[in-house]
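Asker: Attaching a single structure in structure tokens format; questions to follow.
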Amino acid sequence: MGVFTDKAAVGASDWPQGAGETSRTRRRRVRGRVWRGLLRVSTVFGLLVLTTLLYNVVNSTWGYVVVRDQLSEQLIVLLERSHITHAERRVDALRMVDGNPHAVVVLSSQLVPAVPDGFRGVPIGDQHAALALIALVPETNRFLLGLDETLLRQLLRAGSRWADLFPHWPTESISLVFVVDDDGVLSRWAARQDLPNLDNLGTDALLAVLETHLSAGLLRRYDREEPMADRSRANLLALVEERVKEPEVLATFTLRDSLVRRGEIQAFAESEGAIAEFRSWLTLGFLVRPQSANAALSGIRTALLGSLWVIAITIIFSVPLGIGAAIYLEEFSSRNWFGRLVETNINNLAGVPSIIYGMLGLVIFVRALTQITSGSLFGAVSADEASGRTILSAGLTLGLLILPVIIITGQEAIRAVPDSLREAAYGVGCTRWQCVRWHVLPMAVPGILTGAILAVSRALGETAPLVVIGAATFISVDPTNLFAKFTVLPIQIYQWTARPQAEFRNIAAAAILVLLALLLITNATAVLLRNRAESQRI
Amino acid sequence: MSVKPGAEVLTGGLGMEVGTPQSLTKRRRPFEQFMHGALWLCGAISILTTIGIVYMLGQEALLFFRRSEVRLLDFLTGWTWQPQTLQFGIWPLVNATMGASLMAMALALPLGLLIAIYLSEYAGSRARRILKPILEVLAGIPTVVYGYFALTFVTPILRNLFGIEVVEIFNIASAGLVIGVLVLPTVTSMSEDALRAVPLALREAAVGLGATKLETSLRVVVPAALSGISAAFIVAMSRAVGETMIVAVAAGAGPRNFADWGEALGGLRALNPFQSAETMTGHIVRISGGDISYDSLDYDSLFAIGLLLFLMTLGLNIFSRAIARRFRERYD
Amino acid sequence: MRKLSVVSLLLLVAMLAACGPAPAAAPAPETEPAAEEEAMEMGPAGLPMVDPMAVTGDIIIAGSSTVYPLAERMAERFVDEGYDGSISISSIGSGAGFERFCVAGETDVSNASRPIKDSEVESCNAIERAPIELRVGTDALAVVVSQDNDFLTDISMAELALIFSTAANWSDVNPDWPNEPIQRFSPGTDSGTFDYFVEEVFDKDAEPILAAAELQLSEDDNVLVQGVLGSAYAIGYFGYAYYQENADTLKVLSINGVEATADNVDNASYPLARPLFMYSTAAILHEKPQVADFLNFVLSYVNEEIVGVGYFPASAADMQAAIDGWKMAME
């Protein structure tokens with residue numbers, strides 16, 4: 001307490017004055033100003049660091065994506081011609097040809113580092129062009145020696161026989177096998193030729209397209225939803241757009257790049273025969289779609305619901321319990337060994353790594369209390385199917401995890417209430433509980449809420465303990481009750497950041513923003529309450 | 001505030017009714033006793049949790065120490081953690097944990113406290129009401145995000161500052177600093193609450209005696225709030241010690257091993273913050289989520305590490321509590 | 001692009017029913033096909049055709065995080081084709097996956113990026129769950145350097161062993177290479193990738209690689225990518241999909257002159273290709289027909305999906321073995 005112990009006011013004659021004192025006062029003022037600056041700089045620095053963090057998230061949530069259809073419309077139409085079949089892999093295509101001398105495999109030159117045995121490689125046109133194609137002709141074929149784009153276009157014409165092209169060629173019909181690989185070279189090649197597109201196809205042709213490209217199961221499902229034969233052309237066309245073209249994300253760009261390097265991105269898209277579009281990865285659809293292995297189609301519905309369920313249980317369980325414990329420790333417990341033990345113990349629990357809580361939750365809630373946490377006690381599931389890896393177990397485990405923080409902050413808040421208040425309350429005859437309920441608690445609410453906010457924020461972002469408890473990474477049905485299987489947002493974020501494909505980082509960023517919004521909403525209530533309580537404080 | 005039921009004695013007195021005083025013997029108050037019991041239970045839950053943790057960890061750790069390949073002495077004094085070659089010396093992991101936490105605290109404590117003082121004593125109430133919730137929301141960002149922040153943002157900065165040869169791509173410094181950022185909201189928010197809870201009268205008295213605002217803040221308010229501030233530090237430190245994902249992403253996935261104490265401390269190589277290392281929590285999470293068989297020594301060792309970590313934080317807490325109690329000031 | 005099943009699929013479309021292979025009497029168009037008739041129908045892999053819409057009951061899967069994207073893709077397709085039950089997949093690592101499968105006995109299918117260990121089989125047997133192994137694909141490991149590296153395109157297994165162990169500088173391995181320290185990047189010791197690499201390159205002895213100086217380990221392959229990108233003298237290995245996504249900045253090395261291409265993985269000439277598995281038991285397949293149906297579905301269609309996930313199809317022989325395994329379990 002330096003201020004007081006300085007050789008301060010002793011007598012009127014000693015009252016600090018004179019030139020020395022003036023300069024001393026000035027020095028103190030200057031020091032004050034310097035520190036004030038320092039404090040302000042610290043605050044700005046802190047905010048800056050946290051803003052950078054947020055910027056990194058936002059930067060990945062919006063930006064250009066370069067998208068290209070895996071199958072161009074022209075190729076889709078081509079593949080419907082009766083003499084053209086296709087395979088996804090070269091090996092499959094070669095197997096399909098299987099020595100037939102009248103069949104030819106057409107594919108991107110990039111896919112043929114070495115010509116396979118039993119085949120001749122017949123380059124089509126300029127092999128240095130971006131979209132160079134090559135034909136693999138069985139060695140048993142003795143007539144097709146060279147191939148250029150004109151001849152290939154003739155080959156594509158439906159129904160023709162080899163002899164139609166050159167009279168001395170065999171009269172067998174032509175059979176072409178396209179290798180439609182992910183690199184989309186053939187697809188782009190077709191798009192550049194003067195070939196018909198989907199607009200020219202009628203209902204039957206569209207139906208045939210769907211039958212070629214969709215799996216049996218999917219067709220069966222669509223057919224059961226509404227018979228394919230009864231569907232309108234627009235409906236079929238929409239299905240083709242959605243299911244056959246398979247737009248593929250070639251590259252994604254950050255918000256910063258999208259703003260600064262727009263021209264380059266457009267140029268890149270053009271060179272790849274793709275479209276650059278500005279995309280927000282965070283959309284309403286993202287919130288309500290289920291998970292998918294395709295980042296562009298994936299959503300977070302199940303994870304969001306799971307997080308909401310779990311955090312609700314956590315709050316219901318831990319906030320009352322934590323405040324209760326804080327009250328007990330500060331107001332009721334005599335400072336005996338038990339009180340001290342509990343207090344040390346709680347401080348210690350705050351430092352236990354979260355994954356250990358996961359293990360504890362596994363032992364207690366998942367295993368020992370299976371009957372309760374699986375709901376079989378209440379008849380929610382049959383006993384032999386009972387599994388304790390449920391929302392309830394997860395919520396309780398996270399509750400245990402954040403309980404210490406709530407208790408510690410609660411204790412501090414209660415401790416900060418001046419004793420005079422308590423004494424006044426006891427003075428007018430309050431009982432202990434009445435004193436706590438009507439005098440101490442209202443004063444301590446802001447601090448208690450701060451602790452609760454921080455703790456709940458932490459619980460929302462936890463991953464490791466939930467993985468141990470048994471949160472799934474993928475679920476096919478929404479969680480609808482306490483005893484359901486579940487997944488949560490942080491688990492999705494974590495598994496998405498570990499994926500190789502860059503798009504997953506974008507949806508991870510979008511999911512982080514959702515998590516933050518969720519946090520804001522949860523906290524907004526608490527913050528409002530805190531601000532109100534603070535303004536009422538004397 | 002309205003008059004409470006318990007106040008009838010007093011009103012009786014004020015009414016000057018000279019009658020027989022009400023019996024002063026303790027009245028049975030069932031509700032009061034119920035609340036007392038309920039609150040006691042709340043406190044007791046924490047004890048149960050601890051018992052659960054110690055029992056669970058202890059039981060499994062015992063299995064680990066019973067294995068013939070493991071010797072307790074080597075575990076407690078060894079500097080090589082290499083389960084593949086049956087070397088279980090815990091120090092590389094402990095060292096990394098301490099390094100990262102100290103780094104975090106070196107950033108978060110001063111910065112957090114300064115920000116808290118600013119918010120509580122200098123900033124207007126509007127600024128505080130906006131800034132504080134913003135800080136708190138950031139406490140909820142999943143830590144894996146902080147991990148990538150460390151790896152892709154902080155590490156390159158460190159490498160530019162200190163040289164690419166000096167700073168490895170995975171390093172303790174970057175992870176530690178970002179853990180500091182992670183716990184910053186905790187330190188700030190809790191400290192600010194503690195500072196604000198100091199009665200206004202104290203500040204008024206100090207100012208009245210001619211103290212400048214700075215002197216009031218640093219020499220009156222902060223000491224008065226020390227209990228709350230130390231609680232903030234303990235919570236933050238505990239979280240730093242237990243933090244997992246940041247170190248897993250940014251500090252590497254291999255323990256920094258040494259042959260013995262001499263090699264570790266010779267030239268202080270064990271303390272170099274710019275090299276990769278693995279913390280205790282990082283190791284636990286990595287092994288428990290990996291492809292290693294659950295039926296292996298490596299897997300069993302996790303519980304021993306967990307138990308030791310538990311004991312370490314216990315020691316840390318007792319120590320810091322003792323310090324805090326010593327400097328604590330009470331005003332009213 | 002699921003044309004391979006075109007032929008069998010045509011049969012199923014109601015309007016084309018007339019073209020069916022005319023077994024017995026044609027049923028009335030409105031009625032559902034009789035159960036035994038459906039069992040007759042064969043899917044593309046020679047397994048009975050699954051109709052996901054007719055499958056009920058829940059399926060619980062857990063295990064390897066490497067297999068997870070593939071399992072997710074298959075589950076998604078299963079749901080897409082009409083399954084509306086509850087299917088859950090947990091990505092928790094092969095080890096923890098087997099723990100849930102063999103010790104707790106609570107999962108129906110265990111994903112793994114390594115073969116099951118003997119001790120795990122024992123504990124499985126102890127709870128009467130004799131595991132059956134179904135090979136679902138292959139994950140090739142890419143050995144990569146930065147594109148700034150101008151002295152490496154091919155590497156032999158012996159060189160690889162040197163690089164990842166005792167050699168300090170590149171010139172120690174080959175005098176033509178620069179006299180610069182080697183920076184090594186490897187997945188963590190807990191990962192199946194590390195295990196596999198040690199098995200293939202170091203003959204199951206992890207000691208040399210762990211003793212290597214400048215060895216940077218990370219459990220996240222994306223982080224390894226960052227590491228290798230950082231220097232022209234860095235080298236690392238990880239799942240091929242991670243190379244594929246960064247092909248514009250990384251350079252993949254051929255090993256013993258064999259490139260990591262689909263063909264070479266298919267004919268098993270590429271030496272670093274590790275298997276991906278799903279495990280279940282015959283008893284589970286019988287008790288929970290939905291699990292049998294799902295695994296059947298996976299085996300039938302996995303080759304159509306696996307490339308999109310970034311892995312390689314298992315060789316035809318391995319695939320056939322898995323299919324036979326499924327059939328045997330169902331008998």
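Each chain of the structure tokens is named A, B, ... in the order shown, its residues numbered from 1; ligands are numbered from 1 in display order.
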Quick one: pick out all helix (DSSP H, G or I) residues within region 88-324 of chain A from a backbone DSSP run and write them as a VMD selection string.
Answerer: chain A and resid 90 to 97 109 to 111 149 to 156 162 to 165 185 to 192 198 to 200 203 to 213 216 to 225 228 to 230 233 to 244 255 to 260 262 to 271 284 to 288 295 to 297 301 to 324
Asker: For the residues in that selection, give me C-alpha atoms as a CSV table (one decimal), in the first residue's frame.
Answerer:
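selection.csv was written with the following content:
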chain,number,residue,atom,x,y,z
A,90,ARG,CA,-8.4,-47.9,-67.9
A,91,VAL,CA,-8.1,-51.4,-66.6
A,92,ASP,CA,-11.9,-51.9,-66.7
A,93,ALA,CA,-12.0,-50.5,-70.3
A,94,LEU,CA,-9.3,-52.9,-71.5
A,95,ARG,CA,-11.2,-55.8,-69.9
A,96,MET,CA,-14.3,-54.7,-71.7
A,97,VAL,CA,-12.6,-54.8,-75.1
A,109,SER,CA,-3.1,-39.3,-73.3
A,110,GLN,CA,-2.2,-38.6,-69.7
A,111,LEU,CA,-3.6,-41.9,-68.6
A,149,GLU,CA,-10.0,-35.7,-84.9
A,150,THR,CA,-12.0,-35.7,-88.2
A,151,LEU,CA,-12.0,-39.5,-88.3
A,152,LEU,CA,-12.8,-39.7,-84.6
A,153,ARG,CA,-15.8,-37.5,-85.1
A,154,GLN,CA,-17.0,-39.8,-87.9
A,155,LEU,CA,-16.5,-42.7,-85.6
A,156,LEU,CA,-18.7,-41.1,-83.0
A,162,TRP,CA,-16.2,-49.7,-90.1
A,163,ALA,CA,-16.9,-50.3,-93.8
A,164,ASP,CA,-19.0,-47.1,-93.9
A,165,LEU,CA,-15.8,-45.1,-93.4
A,185,VAL,CA,-10.0,-34.5,-70.4
A,186,LEU,CA,-12.4,-36.5,-72.6
A,187,SER,CA,-15.3,-34.6,-71.2
A,188,ARG,CA,-13.7,-31.3,-72.0
A,189,TRP,CA,-12.7,-32.5,-75.4
A,190,ALA,CA,-16.3,-33.4,-76.1
A,191,ALA,CA,-17.5,-30.0,-74.9
A,192,ARG,CA,-15.3,-28.3,-77.5
A,198,LEU,CA,-28.9,-32.1,-73.2
A,199,ASP,CA,-31.4,-29.6,-74.7
A,200,ASN,CA,-31.9,-31.8,-77.6
A,203,THR,CA,-38.0,-37.7,-72.0
A,204,ASP,CA,-37.0,-41.1,-73.2
A,205,ALA,CA,-33.5,-40.1,-73.9
A,206,LEU,CA,-33.1,-38.5,-70.5
A,207,LEU,CA,-34.5,-41.6,-68.9
A,208,ALA,CA,-31.9,-43.6,-70.7
A,209,VAL,CA,-29.2,-41.2,-69.5
A,210,LEU,CA,-30.3,-41.7,-65.9
A,211,GLU,CA,-30.4,-45.5,-66.4
A,212,THR,CA,-26.8,-45.4,-67.7
A,213,HIS,CA,-25.3,-43.4,-65.0
A,216,ALA,CA,-29.6,-49.6,-59.6
A,217,GLY,CA,-30.5,-48.8,-56.0
A,218,LEU,CA,-30.9,-45.2,-56.6
A,219,LEU,CA,-33.1,-45.7,-59.6
A,220,ARG,CA,-35.2,-48.0,-57.6
A,221,ARG,CA,-35.6,-45.4,-54.8
A,222,TYR,CA,-36.5,-42.7,-57.3
A,223,ASP,CA,-38.9,-45.1,-59.0
A,224,ARG,CA,-40.6,-45.8,-55.8
A,225,GLU,CA,-40.9,-42.2,-54.9
A,228,MET,CA,-39.7,-42.8,-63.5
A,229,ALA,CA,-42.1,-43.2,-66.5
A,230,ASP,CA,-44.5,-40.7,-65.0
A,233,ARG,CA,-39.0,-33.8,-68.7
A,234,ALA,CA,-38.1,-31.0,-66.3
A,235,ASN,CA,-37.9,-33.4,-63.4
A,236,LEU,CA,-35.7,-35.8,-65.3
A,237,LEU,CA,-33.5,-33.0,-66.5
A,238,ALA,CA,-33.1,-31.8,-62.9
A,239,LEU,CA,-32.1,-35.3,-61.9
A,240,VAL,CA,-29.5,-35.4,-64.6
A,241,GLU,CA,-28.2,-32.0,-63.6
A,242,GLU,CA,-28.0,-33.1,-60.0
A,243,ARG,CA,-26.9,-36.7,-60.3
A,244,VAL,CA,-25.1,-37.2,-63.6
A,255,LEU,CA,-11.6,-14.6,-49.3
A,256,ARG,CA,-8.4,-12.6,-49.5
A,257,ASP,CA,-7.3,-14.2,-52.7
A,258,SER,CA,-10.8,-13.9,-54.1
A,259,LEU,CA,-10.6,-10.1,-53.6
A,260,VAL,CA,-7.0,-9.6,-54.6
A,262,ARG,CA,-9.7,-12.2,-59.1
A,263,GLY,CA,-8.2,-12.0,-62.6
A,264,GLU,CA,-5.9,-14.9,-62.0
A,265,ILE,CA,-8.6,-17.1,-60.7
A,266,GLN,CA,-10.8,-16.4,-63.7
A,267,ALA,CA,-7.9,-17.1,-66.0
A,268,PHE,CA,-7.2,-20.4,-64.2
A,269,ALA,CA,-10.8,-21.4,-64.4
A,270,GLU,CA,-10.9,-20.7,-68.2
A,271,SER,CA,-7.7,-22.7,-68.8
A,284,LEU,CA,-28.9,-22.1,-44.8
A,285,GLY,CA,-28.6,-25.3,-46.7
A,286,PHE,CA,-25.4,-26.0,-44.9
A,287,LEU,CA,-27.3,-25.9,-41.6
A,288,VAL,CA,-30.1,-28.2,-42.6
A,295,ALA,CA,-17.8,-31.5,-49.1
A,296,ALA,CA,-19.8,-29.3,-51.5
A,297,LEU,CA,-23.1,-31.2,-50.6
A,301,ARG,CA,-27.7,-30.8,-39.3
A,302,THR,CA,-27.0,-33.9,-37.2
A,303,ALA,CA,-24.0,-32.3,-35.6
A,304,LEU,CA,-25.7,-29.1,-34.8
A,305,LEU,CA,-28.6,-30.9,-33.2
A,306,GLY,CA,-26.2,-33.1,-31.3
A,307,SER,CA,-24.3,-30.1,-30.0
A,308,LEU,CA,-27.5,-28.4,-28.9
A,309,TRP,CA,-28.8,-31.5,-27.1
A,310,VAL,CA,-25.5,-32.2,-25.4
A,311,ILE,CA,-24.9,-28.6,-24.3
A,312,ALA,CA,-28.4,-28.4,-22.9
A,313,ILE,CA,-27.8,-31.4,-20.7
A,314,THR,CA,-24.5,-30.0,-19.7
A,315,ILE,CA,-26.0,-26.7,-18.6
A,316,ILE,CA,-28.9,-28.2,-16.8
A,317,PHE,CA,-26.6,-30.6,-14.9
A,318,SER,CA,-23.6,-28.4,-14.1
A,319,VAL,CA,-24.7,-24.9,-13.6
A,320,PRO,CA,-27.1,-25.5,-10.7
A,321,LEU,CA,-24.7,-28.0,-9.2
A,322,GLY,CA,-21.7,-25.7,-9.6
A,323,ILE,CA,-23.5,-22.7,-8.0
A,324,GLY,CA,-24.7,-24.9,-5.2
Asker: Any chance you could tabulate, as CSV, the residues of chain C at most 6 Å from chain B with each one's nearest atom pair and distance in Å to one decimal, using only C-alpha atoms, in chain and rising number order?
Answerer:
residue,atom,partner,partner_atom,distance
C:Ile92,CA,B:Gly289,CA,5.3
C:Gly93,CA,B:Gly290,CA,4.6
C:Ser94,CA,B:Asp291,CA,4.3
C:Gly95,CA,B:Ser293,CA,4.3
C:Gly188,CA,B:Ala253,CA,5.6
C:Asp190,CA,B:Gly290,CA,4.9
C:Ser191,CA,B:Asp291,CA,5.1
C:Gly192,CA,B:Asp291,CA,5.3
C:Leu217,CA,B:Ala253,CA,4.8
C:Ser218,CA,B:Ala253,CA,4.5
Asker: Quick one, how far is CA of Gly78 (chain B) from CA of Asp260 (chain B)?
Answerer: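 We find that CA of Gly78 (chain B) and CA of Asp260 (chain B) lie 6.7 Å from each other.
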Asker: Would you mind listing what lies within 9 Å of region 49-51 of chain A as a list in words, with only C-alpha atoms counted and same-chain residues fewer than 3 positions away left out?
Answerer: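 Close residues of region 49-51 of chain A: Val44, Phe45, Gly46, Leu54, Tyr55 and Asn56 of chain A; Leu135, Leu138, Val181 and Leu182 of chain B.
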Asker: Between CA of Leu195 (chain B) and CA of Val445 (chain A), what is the distance, to one decimal in Å?
Answerer: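 Computing the Euclidean distance for CA of Leu195 (chain B) and CA of Val445 (chain A) yields 15.2 Å.
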Asker: Would you list the contacts of Ala350 (chain A) as number ranges by chain, taking every protein, DNA or RNA residue within 7 Å and counting only C-alpha atoms, but skipping same-chain residues closer than 4 positions in sequence?
Answerer: A: 346, 404-405; B: 235, 238
Asker: Write the selection just made, keeping C-alpha atoms, as an mmCIF file, in the first residue's frame?
Answerer:
data_model
loop_
_atom_site.group_PDB
_atom_site.id
_atom_site.type_symbol
_atom_site.label_atom_id
_atom_site.label_comp_id
_atom_site.auth_asym_id
_atom_site.auth_seq_id
_atom_site.Cartn_x
_atom_site.Cartn_y
_atom_site.Cartn_z
ATOM 1 C CA ILE A 346 -11.884 -28.635 -7.022
ATOM 2 C CA PRO A 404 -14.820 -27.107 -11.326
ATOM 3 C CA VAL A 405 -14.567 -23.934 -13.379
ATOM 4 C CA VAL B 235 -7.825 -21.969 -13.923
ATOM 5 C CA SER B 238 -4.662 -25.759 -15.404
#
Asker: Kindly provide, as a VMD selection string, the residues of chain A having any atom no farther than 6 Å from an atom of chain B, counting only C-alpha atoms.
Answerer: chain A and resid 1 32 39 42 to 43 321 324 to 325 328 348 351 to 353 412 416 418 428 to 430 457 to 458 461
Asker: Please report the interatomic distance between CA of Phe119 (chain A) and CA of Leu136 (chain A) in Å with one decimal.
Answerer: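 For CA of Phe119 (chain A) relative to CA of Leu136 (chain A), the distance reads 5.9 Å.
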Asker: Would you mind listing what lies within 9 Å of region 356-368 of chain A as a ChimeraX atom specification, with only C-alpha atoms counted and same-chain residues fewer than 3 positions away left out?
Answerer: /A:352-353,371-374,387-390,392-394,396-398,400-401,464-470 /B:49,52-53,56-57,303,306
Asker: So, counting only C-alpha atoms, which residue among A:Gln17, A:Gln291, A:Asn523, A:Asn531 is closest to chain C?
Answerer: A:Gln291
Asker: Step one, run DSSP on the backbone; step two, keep only residues of region 27-244 of chain C assigned to strand (DSSP E); then write them as a PyMOL selection string.
Answerer: chain C and resi 59-63+87-91+109-112+131-146+154-155+183-187+215-218+234-239
Asker: So that I can check the surroundings of region 176-179 of chain A, please list as a list in words every protein, DNA and RNA residue that reaches within 6 Å of it, counting only C-alpha atoms and ignoring chain neighbours fewer than 4 positions away.
Answerer: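 Within the cut-off, the hits are Ile84, Thr85, His86, Ala87, Glu88, Ala103, Val104, Val105, Val106 and Leu107 of chain A.
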Asker: Using only C-alpha atoms for the distances, tell me which of A:His439, A:Arg340, A:Arg89, A:His128 is nearest to chain C.
Answerer: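 Among A:His439, A:Arg340, A:Arg89, A:His128, it is A:Arg89 that comes nearest to chain C.
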Asker: So, with only C-alpha atoms as the atoms that count, which of C:Ala273, C:Tyr233, C:Asp154, C:Asp172 lies closest to Val258 (chain C)?
Answerer: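 Checking each candidate against Val258 (chain C), we get C:Asp154 as the closest.
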Asker: Extract, using only C-alpha atoms, all DNA, RNA and protein residues at most 9 Å from Ala283 (chain C), discarding same-chain residues fewer than 4 positions from it, and format them as a CSV table (one decimal) with N, CA and C atoms, in the first residue's frame.
Answerer:
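Written output follows (part-v1.csv):
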chain,number,residue,atom,x,y,z
C,128,GLU,N,-16.6,-64.8,-27.8
C,128,GLU,CA,-17.3,-65.5,-28.9
C,128,GLU,C,-17.6,-64.7,-30.1
C,129,ARG,N,-16.6,-64.0,-30.6
C,129,ARG,CA,-16.8,-63.2,-31.8
C,129,ARG,C,-15.6,-63.5,-32.7
C,130,ALA,N,-15.7,-64.6,-33.4
C,130,ALA,CA,-14.6,-64.9,-34.3
C,130,ALA,C,-14.6,-64.0,-35.4
C,287,GLU,N,-27.3,-62.6,-37.0
C,287,GLU,CA,-28.2,-62.0,-36.1
C,287,GLU,C,-28.8,-60.7,-36.6
C,288,LYS,N,-27.9,-59.9,-37.2
C,288,LYS,CA,-28.4,-58.6,-37.7
C,288,LYS,C,-28.2,-58.6,-39.2
C,329,ALA,N,-19.4,-66.8,-44.5
C,329,ALA,CA,-20.0,-66.5,-43.2
C,329,ALA,C,-21.5,-66.6,-43.3
C,330,MET,N,-22.1,-66.4,-44.4
C,330,MET,CA,-23.6,-66.4,-44.5
C,330,MET,C,-24.1,-67.8,-44.6
Asker: From the list C:Gly230, C:Leu152, C:Met328, C:Ala140, which residue is nearest Arg159 (chain B) when using only C-alpha atoms?
Answerer: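 The shortest atom-to-atom distance to Arg159 (chain B) comes from C:Gly230.
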Asker: Of the candidates A:Leu201, A:Ala471, A:Ile275, A:Ile355, which one gets nearest to chain C if we count only C-alpha atoms?
Answerer: A:Ala471
Asker: Which residue out of A:Asn481, A:Thr431, A:Ser215, A:Thr409 has the minimum interatomic distance to Thr450 (chain A) when only C-alpha atoms are used?
Answerer: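 That would be A:Thr409, the residue with the smallest distance to Thr450 (chain A).
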